[in-house]
Amino acid sequence: MLIENITIKPNNHRIHPCSQEKKYELLEKIISDNIDSKLLIITSHNIKDILNTLENKDIEIINDSDLSKYPVQSYELIISFDIPSNPETYIHRVTIASKNAILLLNESEQKSLYHIEMLLGRAIKQEIIKGFEYEMKKSIQPTTKSMSKEKIKEVAKQRYEKKTQEPKKNFDSSDKWAKKKKEPNKFLGHDENGKAKFSGKSGERNHRFDGKPKESFAPTKIGRKINIKARTSKED
């Protein structure tokens with residue numbers, strides 16, 4: 001497995017966050033600081049783009065497609081100019097290093113780092129070199145500031161007092177329970193069944209209006225009759 005071929009110490013494997021436009025300048029600095037080391041630059045893009053910007057044209061630069069040609073631990077320092085799309089390809093890069101491995105990473109490439117660290121089983125240390133870092137996005141802070149418990153109580157008290165001190169709407173409680181004046185219920189005649197009709201609901205009986213006698217209603221269902229025999233005393 002590729003990970004087993006990594007011999008460099010975790011502390012010697014580092015990431016330098018860098019803005020894309022400053023990568024070439026940072027690359028020159030790293031080369032200058034490690035001029036006595038046997039180093040190799042690896043990229044996933046065209047090597048001419050890097051070679052044309054370097055002052056030292058003798059530095060060896062390869063593409064990921066040529067990794068298979070380079071044995072394990074064949075260079076003291078490996079500089080990854082970018083991050084490959086395949087995480088295993090990056091692991092292969094690191095196996096070529098015998099002492100140190102450096103990755104130049106811009107902001108957009110940070111999201112691809114997760115899969116590489118999952119393969120390694122650890123996070124790679126990130127070291128910012130002053131003057132080359134990309135501008136960090138500011139997190140949007142909430143507009144409301146956090147309040148202490150005392151401040152919260154004070155605000156709640158003010159809201160309560162404001163609510164209780166507000167003038168109440170004009171309301172006459174006597175109107176609520178006042179007896180409403182009802183219009184007299186008028187007799188409108190009889191319907192097709194001969195039943196009296198009235199203009200509104202009324203508890204008045206029909207015969208009070210039309211002069212008919214009060215109707216008596218006999219129960220339609222008669223309960224069961226129970227025969228009760230009179231008890232006779234034993235003396236009889």
# chains A, B, ... in the order shown; residues from 1 in each chain; ligands from 1

call {"tool": "select_by_dssp", "arguments": {"residues": "region 7-55 of chain A", "states": "alpha helix (DSSP H)", "output": "NGL selection string"}}
result
:A and (23-33 or 47-51)

call {"tool": "residues_around", "arguments": {"residues": "region 64-81 of chain A", "least_positions_apart": "3", "cutoff": "7 Å", "atoms": "only C-alpha atoms", "output": "list in words"}}
result
Ser37, Lys38, Leu39, Leu40, Ile41, Ile42, Thr43, Ser44, Val94, Thr95, Ile96, Ala97, Ser98, Lys99, Asn100, Ala101, Ile102, Leu103 and Leu104 of chain A

call {"tool": "write_last_selection", "arguments": {"atoms": "C-alpha atoms", "output": "short mmCIF file (atom, residue, chain, number, x, y, z; two decimals), in the first residue's frame"}}
result
data_model
loop_
_atom_site.label_atom_id
_atom_site.label_comp_id
_atom_site.auth_asym_id
_atom_site.auth_seq_id
_atom_site.Cartn_x
_atom_site.Cartn_y
_atom_site.Cartn_z
CA SER A 37 18.70 19.64 -0.90
CA LYS A 38 17.85 17.27 -3.69
CA LEU A 39 14.33 18.41 -4.51
CA LEU A 40 11.61 17.67 -7.00
CA ILE A 41 8.60 19.79 -7.98
CA ILE A 42 5.41 17.94 -8.92
CA THR A 43 2.31 19.39 -10.55
CA SER A 44 -0.91 18.08 -12.03
CA VAL A 94 4.91 11.87 -0.79
CA THR A 95 6.42 8.37 -1.03
CA ILE A 96 9.18 9.79 -3.24
CA ALA A 97 10.33 12.09 -0.40
CA SER A 98 12.93 10.82 2.06
CA LYS A 99 12.98 13.81 4.45
CA ASN A 100 10.41 16.53 3.72
CA ALA A 101 7.22 17.12 1.74
CA ILE A 102 5.58 20.51 1.14
CA LEU A 103 2.22 21.27 -0.44
CA LEU A 104 1.30 24.73 -1.72
#

call {"tool": "closest_residue", "arguments": {"among": "A:Glu60, A:Ile129, A:Ile3, A:Ser148", "to": "Thr89 (chain A)", "atoms": "only C-alpha atoms"}}
result
A:Ile3

call {"tool": "closest_residue", "arguments": {"among": "A:Ile152, A:Ile83, A:Ile124, A:Leu188", "to": "Leu105 (chain A)", "atoms": "only C-alpha atoms"}}
result
A:Ile83

call {"tool": "atom_distance", "arguments": {"atom1": "CA of Asp49 (chain A)", "atom2": "CA of Asn86 (chain A)"}}
result
21.2 Å

call {"tool": "atom_distance", "arguments": {"atom1": "CA of Asn12 (chain A)", "atom2": "CA of Lys125 (chain A)"}}
result
8.9 Å
